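> My structure is below; once you've seen it, I'll send some questions.
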Amino acid sequence: MKKAILLLVITGLLFGVAAFKPKQPFQPIAVIELFTSQGCSSCPAADKLLAQTIMEAKKDGRKIFALSFHVDYWNRLGWADPISAKEYSQRQGAYATQLKLSSAYTPQMVVNGSREFVGSDKHDLKDALNKSLNAMPVEGFKLLAVSVKNNAQPKVKFLLDGTYAGCKINFALVSLSETTAIKRGENGGLTLTNENVVRQFVSIPAIAEGEISFKASQCLQAITWLLLLTFSKPIRLKLLVLPRRR
(Lines give C-alpha, C1' and ligand atoms only; values in the text may rest on other atoms or scores of the structure.)
Protein backbone atom coordinates (compact mmCIF):
# COMPACT_ATOMS: atom_id res chain seq x y z
CA MET A 1 0.00 0.00 0.00
CA LYS A 2 1.38 3.38 -0.97
CA LYS A 3 1.48 5.77 1.95
CA ALA A 4 2.46 9.02 0.27
CA ILE A 5 2.20 12.16 2.36
CA LEU A 6 2.16 15.76 1.21
CA LEU A 7 2.13 18.67 3.59
CA LEU A 8 2.28 22.44 3.56
CA VAL A 9 2.46 24.71 6.58
CA ILE A 10 1.13 28.25 6.68
CA THR A 11 1.82 29.92 10.02
CA GLY A 12 0.03 32.81 11.66
CA LEU A 13 -2.51 33.53 8.92
CA LEU A 14 -5.45 35.17 10.67
CA PHE A 15 -7.04 37.23 7.92
CA GLY A 16 -6.50 37.38 4.18
CA VAL A 17 -5.58 35.10 1.31
CA ALA A 18 -2.34 33.27 0.66
CA ALA A 19 -1.39 31.32 -2.46
CA PHE A 20 1.46 28.83 -2.65
CA LYS A 21 3.22 27.02 -5.47
CA PRO A 22 5.35 24.26 -3.91
CA LYS A 23 8.75 23.61 -5.44
CA GLN A 24 9.39 20.75 -7.84
CA PRO A 25 10.39 18.04 -7.38
CA PHE A 26 8.38 17.27 -4.25
CA GLN A 27 10.55 17.18 -1.14
CA PRO A 28 10.61 14.39 1.49
CA ILE A 29 8.77 15.22 4.69
CA ALA A 30 7.89 13.52 7.96
CA VAL A 31 4.46 13.85 9.56
CA ILE A 32 4.11 12.86 13.21
CA GLU A 33 0.68 12.06 14.60
CA LEU A 34 0.65 11.83 18.40
CA PHE A 35 -2.41 10.27 20.02
CA THR A 36 -2.54 11.55 23.57
CA SER A 37 -4.81 12.62 26.43
CA GLN A 38 -4.60 15.05 29.32
CA GLY A 39 -6.10 12.29 31.49
CA CYS A 40 -3.22 9.86 30.88
CA SER A 41 -0.24 10.06 33.26
CA SER A 42 2.08 8.52 30.65
CA CYS A 43 1.25 11.17 28.06
CA PRO A 44 3.04 14.34 29.29
CA ALA A 45 6.42 12.79 28.45
CA ALA A 46 5.25 12.20 24.86
CA ASP A 47 3.78 15.71 24.68
CA LYS A 48 7.17 17.13 25.71
CA LEU A 49 8.98 14.99 23.14
CA LEU A 50 6.65 16.28 20.43
CA ALA A 51 7.25 19.89 21.51
CA GLN A 52 11.01 19.32 21.56
CA THR A 53 10.88 17.81 18.07
CA ILE A 54 8.90 20.79 16.76
CA MET A 55 11.48 23.19 18.21
CA GLU A 56 14.45 21.27 16.83
CA ALA A 57 12.87 21.01 13.38
CA LYS A 58 12.43 24.79 13.29
CA LYS A 59 16.10 25.29 14.17
CA ASP A 60 17.63 22.84 11.70
CA GLY A 61 15.12 23.37 8.90
CA ARG A 62 14.07 19.73 8.57
CA LYS A 63 10.62 19.23 7.07
CA ILE A 64 9.06 17.62 10.13
CA PHE A 65 5.44 18.43 10.92
CA ALA A 66 3.64 17.36 14.07
CA LEU A 67 -0.02 16.82 14.89
CA SER A 68 -1.38 16.24 18.39
CA PHE A 69 -4.66 14.30 18.37
CA HIS A 70 -6.39 14.22 21.78
CA VAL A 71 -8.51 11.08 22.11
CA ASP A 72 -11.70 11.06 24.18
CA TYR A 73 -11.77 7.57 25.70
CA TRP A 74 -9.90 8.75 28.82
CA ASN A 75 -12.58 11.35 29.59
CA ARG A 76 -14.65 9.07 31.82
CA LEU A 77 -11.70 8.25 34.07
CA GLY A 78 -11.43 11.44 36.13
CA TRP A 79 -10.66 14.26 33.70
CA ALA A 80 -12.53 15.29 30.57
CA ASP A 81 -9.87 16.55 28.16
CA PRO A 82 -11.34 19.81 26.75
CA ILE A 83 -9.42 19.48 23.46
CA SER A 84 -10.32 15.84 22.82
CA ALA A 85 -12.76 14.53 20.22
CA LYS A 86 -14.37 11.21 19.36
CA GLU A 87 -13.26 11.42 15.74
CA TYR A 88 -9.61 11.44 16.83
CA SER A 89 -10.19 8.24 18.83
CA GLN A 90 -11.73 6.78 15.68
CA ARG A 91 -8.73 7.83 13.63
CA GLN A 92 -6.43 6.08 16.08
CA GLY A 93 -8.66 3.02 15.94
CA ALA A 94 -8.34 3.05 12.16
CA TYR A 95 -4.57 2.97 12.52
CA ALA A 96 -4.88 0.03 14.95
CA THR A 97 -6.78 -1.86 12.25
CA GLN A 98 -4.45 -0.86 9.43
CA LEU A 99 -1.26 -1.62 11.37
CA LYS A 100 -2.69 -4.86 12.78
CA LEU A 101 -2.45 -3.87 16.45
CA SER A 102 -4.38 -5.69 19.15
CA SER A 103 -5.77 -2.38 20.43
CA ALA A 104 -5.08 1.33 20.59
CA TYR A 105 -3.07 2.87 23.43
CA THR A 106 -1.71 6.19 24.66
CA PRO A 107 0.66 7.76 24.13
CA GLN A 108 1.14 6.54 20.57
CA MET A 109 3.02 8.13 17.66
CA VAL A 110 2.47 7.28 14.00
CA VAL A 111 4.97 8.61 11.46
CA ASN A 112 3.95 9.04 7.82
CA GLY A 113 0.99 6.77 8.34
CA SER A 114 3.09 3.60 8.34
CA ARG A 115 5.13 3.21 11.52
CA GLU A 116 3.85 3.32 15.09
CA PHE A 117 5.54 3.21 18.49
CA VAL A 118 5.21 4.42 22.06
CA GLY A 119 4.92 8.20 21.91
CA SER A 120 7.71 8.87 24.42
CA ASP A 121 10.30 6.64 22.69
CA LYS A 122 13.05 8.99 21.45
CA HIS A 123 15.00 6.25 19.67
CA ASP A 124 12.07 4.99 17.63
CA LEU A 125 11.05 8.54 16.76
CA LYS A 126 14.54 9.45 15.55
CA ASP A 127 14.77 6.31 13.42
CA ALA A 128 11.30 6.83 11.91
CA LEU A 129 12.03 10.45 11.08
CA ASN A 130 15.36 9.66 9.42
CA LYS A 131 13.78 7.00 7.22
CA SER A 132 10.82 9.22 6.28
CA LEU A 133 13.08 12.11 5.31
CA ASN A 134 14.89 9.87 2.85
CA ALA A 135 11.74 8.73 1.03
CA MET A 136 10.97 10.82 -2.05
CA PRO A 137 7.23 11.49 -2.61
CA VAL A 138 5.75 11.06 -6.10
CA GLU A 139 2.82 13.43 -5.68
CA GLY A 140 2.25 16.90 -4.34
CA PHE A 141 0.28 20.11 -4.36
CA LYS A 142 0.68 22.03 -7.57
CA LEU A 143 -1.09 25.03 -6.08
CA LEU A 144 -2.70 25.97 -2.76
CA ALA A 145 -4.75 29.04 -1.93
CA VAL A 146 -5.84 29.60 1.67
CA SER A 147 -8.43 32.18 2.67
CA VAL A 148 -9.38 33.36 6.19
CA LYS A 149 -11.53 36.50 6.27
CA ASN A 150 -13.51 38.23 9.02
CA ASN A 151 -14.15 35.11 11.12
CA ALA A 152 -15.73 33.39 8.12
CA GLN A 153 -15.15 29.74 7.31
CA PRO A 154 -11.48 29.15 6.48
CA LYS A 155 -11.25 27.79 2.93
CA VAL A 156 -8.52 25.94 1.07
CA LYS A 157 -8.38 25.58 -2.72
CA PHE A 158 -5.91 23.12 -4.20
CA LEU A 159 -4.48 21.56 -7.33
CA LEU A 160 -2.71 18.19 -7.16
CA ASP A 161 0.10 16.83 -9.29
CA GLY A 162 1.76 13.44 -9.53
CA THR A 163 0.49 9.92 -8.83
CA TYR A 164 -2.33 10.53 -6.36
CA ALA A 165 -5.07 8.20 -7.63
CA GLY A 166 -6.75 6.29 -4.80
CA CYS A 167 -5.26 8.52 -2.10
CA LYS A 168 -6.95 10.80 0.42
CA ILE A 169 -6.18 14.39 1.35
CA ASN A 170 -6.40 15.19 5.04
CA PHE A 171 -6.72 18.80 6.13
CA ALA A 172 -6.03 19.67 9.77
CA LEU A 173 -6.68 22.98 11.50
CA VAL A 174 -4.21 23.17 14.36
CA SER A 175 -3.91 25.35 17.45
CA LEU A 176 -0.24 26.16 18.02
CA SER A 177 -0.47 25.86 21.81
CA GLU A 178 -3.07 24.96 24.45
CA THR A 179 -2.35 25.31 28.20
CA THR A 180 -4.72 23.63 30.66
CA ALA A 181 -4.80 23.39 34.45
CA ILE A 182 -5.71 19.78 35.22
CA LYS A 183 -7.98 19.56 38.26
CA ARG A 184 -8.70 15.85 38.47
CA GLY A 185 -7.58 12.46 37.25
CA GLU A 186 -4.10 10.98 36.90
CA ASN A 187 -2.55 14.37 36.09
CA GLY A 188 -4.55 16.30 38.69
CA GLY A 189 -2.68 19.35 39.99
CA LEU A 190 -0.51 19.72 36.89
CA THR A 191 -0.62 22.45 34.26
CA LEU A 192 -0.08 20.92 30.83
CA THR A 193 0.89 22.62 27.59
CA ASN A 194 0.11 20.84 24.32
CA GLU A 195 1.46 22.01 20.98
CA ASN A 196 0.05 21.70 17.46
CA VAL A 197 -3.30 20.50 18.75
CA VAL A 198 -5.70 19.36 16.03
CA ARG A 199 -8.99 21.22 16.45
CA GLN A 200 -10.66 20.39 13.13
CA PHE A 201 -9.97 17.62 10.65
CA VAL A 202 -11.31 17.13 7.12
CA SER A 203 -10.57 14.11 4.92
CA ILE A 204 -11.59 13.78 1.26
CA PRO A 205 -10.66 11.53 -1.69
CA ALA A 206 -7.78 12.96 -3.68
CA ILE A 207 -8.95 14.73 -6.83
CA ALA A 208 -7.14 16.92 -9.34
CA GLU A 209 -8.57 20.14 -7.92
CA GLY A 210 -11.08 21.17 -5.32
CA GLU A 211 -11.95 23.27 -2.27
CA ILE A 212 -12.69 22.44 1.37
CA SER A 213 -13.97 24.57 4.25
CA PHE A 214 -13.41 24.43 7.97
CA LYS A 215 -15.98 25.59 10.48
CA ALA A 216 -15.63 29.22 11.52
CA SER A 217 -14.01 29.37 14.97
CA GLN A 218 -13.16 32.31 17.19
CA CYS A 219 -11.22 30.21 19.71
CA LEU A 220 -8.17 29.86 17.44
CA GLN A 221 -6.36 33.17 17.64
CA ALA A 222 -3.09 31.79 16.27
CA ILE A 223 -3.34 28.95 13.80
CA THR A 224 -1.25 26.76 11.58
CA TRP A 225 -2.64 25.11 8.50
CA LEU A 226 -1.43 21.60 7.89
CA LEU A 227 -2.40 19.80 4.71
CA LEU A 228 -1.33 16.25 4.05
CA LEU A 229 -2.07 13.56 1.51
CA THR A 230 -2.22 10.08 2.96
CA PHE A 231 -3.45 6.55 2.32
CA SER A 232 -3.99 5.02 -1.08
CA LYS A 233 -6.92 3.01 0.29
CA PRO A 234 -9.67 3.88 2.79
CA ILE A 235 -8.98 2.76 6.34
CA ARG A 236 -11.75 1.18 8.39
CA LEU A 237 -12.92 2.78 11.60
CA LYS A 238 -12.90 0.84 14.84
CA LEU A 239 -14.53 2.13 18.03
CA LEU A 240 -12.35 2.02 21.13
CA VAL A 241 -13.81 0.65 24.35
CA LEU A 242 -11.04 0.65 26.96
CA PRO A 243 -7.93 2.82 27.17
CA ARG A 244 -4.52 1.20 27.37
CA ARG A 245 -1.14 2.78 27.91
CA ARG A 246 2.42 1.68 27.35
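In the C-alpha coordinates, each chain is lettered A, B, ... as it comes, each chain's residues begin at 1, and ligands are numbered from 1 in order of appearance.
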Residues of region 87-149 of chain A that have any atom at most 7 Å from an atom of region 160-175 of chain A: could you tabulate them with the shortest-distance atom pair and the distance in Å to one decimal, using only C-alpha atoms, ordered by chain and increasing number, as a Markdown table?

| residue | atom | partner | partner_atom | distance |
| --- | --- | --- | --- | --- |
| A:Val138 | CA | A:Gly162 | CA | 5.8 |
| A:Glu139 | CA | A:Gly162 | CA | 4.0 |
| A:Gly140 | CA | A:Asp161 | CA | 5.4 |
| A:Phe141 | CA | A:Leu160 | CA | 4.5 |
| A:Lys142 | CA | A:Leu160 | CA | 5.1 |
> Generate a file of the selected residues that holds N, CA and C atoms, formatted as a short mmCIF file (atom, residue, chain, number, x, y, z; two decimals), in the first residue's frame.

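Saved as part-v7.cif:
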data_model
loop_
_atom_site.label_atom_id
_atom_site.label_comp_id
_atom_site.auth_asym_id
_atom_site.auth_seq_id
_atom_site.Cartn_x
_atom_site.Cartn_y
_atom_site.Cartn_z
N VAL A 138 6.00 11.03 -4.66
CA VAL A 138 5.75 11.06 -6.10
C VAL A 138 4.49 11.87 -6.43
N GLU A 139 3.96 12.58 -5.45
CA GLU A 139 2.82 13.43 -5.68
C GLU A 139 2.91 14.64 -4.77
N GLY A 140 2.17 15.68 -5.14
CA GLY A 140 2.25 16.90 -4.34
C GLY A 140 1.18 17.89 -4.74
N PHE A 141 1.18 19.02 -4.03
CA PHE A 141 0.28 20.11 -4.36
C PHE A 141 0.92 20.99 -5.43
N LYS A 142 0.21 21.15 -6.51
CA LYS A 142 0.68 22.03 -7.57
C LYS A 142 0.39 23.48 -7.21
#
> Run DSSP on the backbone and grab whatever in region 49-221 of chain A lands in helix (DSSP H, G or I); send it over as number ranges by chain.
A: 49-60, 86-98, 122-132
> Could you save those same residues with N, CA and C atoms as a JSON list (two decimals), in the first residue's frame?

[["chain", "number", "residue", "atom", "x", "y", "z"],
["A", 49, "LEU", "N", 8.15, 15.44, 24.25],
["A", 49, "LEU", "CA", 8.98, 14.99, 23.14],
["A", 49, "LEU", "C", 8.50, 15.60, 21.83],
["A", 50, "LEU", "N", 7.20, 15.67, 21.64],
["A", 50, "LEU", "CA", 6.65, 16.28, 20.43],
["A", 50, "LEU", "C", 7.04, 17.75, 20.37],
["A", 51, "ALA", "N", 6.90, 18.47, 21.48],
["A", 51, "ALA", "CA", 7.25, 19.89, 21.51],
["A", 51, "ALA", "C", 8.74, 20.09, 21.23],
["A", 52, "GLN", "N", 9.57, 19.23, 21.79],
["A", 52, "GLN", "CA", 11.01, 19.32, 21.56],
["A", 52, "GLN", "C", 11.34, 19.08, 20.08],
["A", 53, "THR", "N", 10.66, 18.12, 19.48],
["A", 53, "THR", "CA", 10.88, 17.81, 18.07],
["A", 53, "THR", "C", 10.47, 18.97, 17.18],
["A", 54, "ILE", "N", 9.35, 19.61, 17.52],
["A", 54, "ILE", "CA", 8.90, 20.79, 16.76],
["A", 54, "ILE", "C", 9.95, 21.89, 16.82],
["A", 55, "MET", "N", 10.47, 22.15, 18.02],
["A", 55, "MET", "CA", 11.48, 23.19, 18.21],
["A", 55, "MET", "C", 12.75, 22.89, 17.45],
["A", 56, "GLU", "N", 13.21, 21.65, 17.51],
["A", 56, "GLU", "CA", 14.45, 21.27, 16.83],
["A", 56, "GLU", "C", 14.29, 21.34, 15.31],
["A", 57, "ALA", "N", 13.11, 20.96, 14.83],
["A", 57, "ALA", "CA", 12.87, 21.01, 13.38],
["A", 57, "ALA", "C", 12.90, 22.44, 12.87],
["A", 58, "LYS", "N", 12.40, 23.38, 13.67],
["A", 58, "LYS", "CA", 12.43, 24.79, 13.29],
["A", 58, "LYS", "C", 13.87, 25.30, 13.21],
["A", 59, "LYS", "N", 14.72, 24.82, 14.13],
["A", 59, "LYS", "CA", 16.10, 25.29, 14.17],
["A", 59, "LYS", "C", 16.92, 24.75, 13.02],
["A", 60, "ASP", "N", 16.77, 23.44, 12.73],
["A", 60, "ASP", "CA", 17.63, 22.84, 11.70],
["A", 60, "ASP", "C", 17.01, 22.80, 10.32],
["A", 86, "LYS", "N", -14.10, 12.61, 19.69],
["A", 86, "LYS", "CA", -14.37, 11.21, 19.36],
["A", 86, "LYS", "C", -13.74, 10.84, 18.03],
["A", 87, "GLU", "N", -13.79, 11.76, 17.05],
["A", 87, "GLU", "CA", -13.26, 11.42, 15.74],
["A", 87, "GLU", "C", -11.76, 11.15, 15.76],
["A", 88, "TYR", "N", -11.04, 11.71, 16.74],
["A", 88, "TYR", "CA", -9.61, 11.44, 16.83],
["A", 88, "TYR", "C", -9.37, 10.05, 17.44],
["A", 89, "SER", "N", -10.25, 9.62, 18.34],
["A", 89, "SER", "CA", -10.19, 8.24, 18.83],
["A", 89, "SER", "C", -10.47, 7.27, 17.69],
["A", 90, "GLN", "N", -11.42, 7.63, 16.83],
["A", 90, "GLN", "CA", -11.73, 6.78, 15.68],
["A", 90, "GLN", "C", -10.57, 6.72, 14.70],
["A", 91, "ARG", "N", -9.89, 7.83, 14.52],
["A", 91, "ARG", "CA", -8.73, 7.83, 13.63],
["A", 91, "ARG", "C", -7.65, 6.90, 14.18],
["A", 92, "GLN", "N", -7.42, 6.97, 15.48],
["A", 92, "GLN", "CA", -6.43, 6.08, 16.08],
["A", 92, "GLN", "C", -6.87, 4.62, 15.95],
["A", 93, "GLY", "N", -8.15, 4.37, 16.12],
["A", 93, "GLY", "CA", -8.66, 3.02, 15.94],
["A", 93, "GLY", "C", -8.46, 2.51, 14.52],
["A", 94, "ALA", "N", -8.58, 3.42, 13.55],
["A", 94, "ALA", "CA", -8.34, 3.05, 12.16],
["A", 94, "ALA", "C", -6.89, 2.64, 11.95],
["A", 95, "TYR", "N", -5.98, 3.36, 12.60],
["A", 95, "TYR", "CA", -4.57, 2.97, 12.52],
["A", 95, "TYR", "C", -4.35, 1.59, 13.15],
["A", 96, "ALA", "N", -5.02, 1.33, 14.28],
["A", 96, "ALA", "CA", -4.88, 0.03, 14.95],
["A", 96, "ALA", "C", -5.28, -1.09, 13.99],
["A", 97, "THR", "N", -6.34, -0.87, 13.23],
["A", 97, "THR", "CA", -6.78, -1.86, 12.25],
["A", 97, "THR", "C", -5.76, -1.99, 11.12],
["A", 98, "GLN", "N", -5.36, -0.86, 10.57],
["A", 98, "GLN", "CA", -4.45, -0.86, 9.43],
["A", 98, "GLN", "C", -3.09, -1.47, 9.77],
["A", 122, "LYS", "N", 12.20, 8.11, 22.25],
["A", 122, "LYS", "CA", 13.05, 8.99, 21.45],
["A", 122, "LYS", "C", 13.79, 8.23, 20.35],
["A", 123, "HIS", "N", 14.24, 7.03, 20.65],
["A", 123, "HIS", "CA", 15.00, 6.25, 19.67],
["A", 123, "HIS", "C", 14.14, 5.89, 18.47],
["A", 124, "ASP", "N", 12.96, 5.37, 18.73],
["A", 124, "ASP", "CA", 12.07, 4.99, 17.63],
["A", 124, "ASP", "C", 11.66, 6.21, 16.81],
["A", 125, "LEU", "N", 11.44, 7.33, 17.48],
["A", 125, "LEU", "CA", 11.05, 8.54, 16.76],
["A", 125, "LEU", "C", 12.18, 9.00, 15.85],
["A", 126, "LYS", "N", 13.40, 9.02, 16.36],
["A", 126, "LYS", "CA", 14.54, 9.45, 15.55],
["A", 126, "LYS", "C", 14.71, 8.56, 14.33],
["A", 127, "ASP", "N", 14.60, 7.24, 14.53],
["A", 127, "ASP", "CA", 14.77, 6.31, 13.42],
["A", 127, "ASP", "C", 13.67, 6.49, 12.38],
["A", 128, "ALA", "N", 12.42, 6.66, 12.83],
["A", 128, "ALA", "CA", 11.30, 6.83, 11.91],
["A", 128, "ALA", "C", 11.43, 8.12, 11.11],
["A", 129, "LEU", "N", 11.87, 9.17, 11.77],
["A", 129, "LEU", "CA", 12.03, 10.45, 11.08],
["A", 129, "LEU", "C", 13.13, 10.38, 10.03],
["A", 130, "ASN", "N", 14.26, 9.77, 10.37],
["A", 130, "ASN", "CA", 15.36, 9.66, 9.42],
["A", 130, "ASN", "C", 14.95, 8.88, 8.18],
["A", 131, "LYS", "N", 14.22, 7.80, 8.37],
["A", 131, "LYS", "CA", 13.78, 7.00, 7.22],
["A", 131, "LYS", "C", 12.75, 7.77, 6.38],
["A", 132, "SER", "N", 11.85, 8.48, 7.01],
["A", 132, "SER", "CA", 10.82, 9.22, 6.28],
["A", 132, "SER", "C", 11.43, 10.35, 5.46]]
> Give the answer as one residue: which of A:Val110, A:Val148, A:Ile212, A:Ile83 has the shortest atom-to-atom distance to Arg199 (chain A), using only C-alpha atoms?
A:Ile83
> Using only C-alpha atoms, which protein or nucleic acid residues come within 12 Å of region 189-194 of chain A? Drop anything in the same chain fewer than 2 positions from it, and give the result as a VMD selection string.
chain A and resid 34 to 41 43 to 52 54 66 to 70 79 81 to 84 174 to 187 196 to 198
> Could you check the closest approach to Gly119 (chain A) for each of A:Ala85, A:Ile32, A:Gly188, A:Lys215 and tell me which residue wins, using only C-alpha atoms?
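Looking only at the distances to Gly119 (chain A), the closest residue turns out to be A:Ile32.
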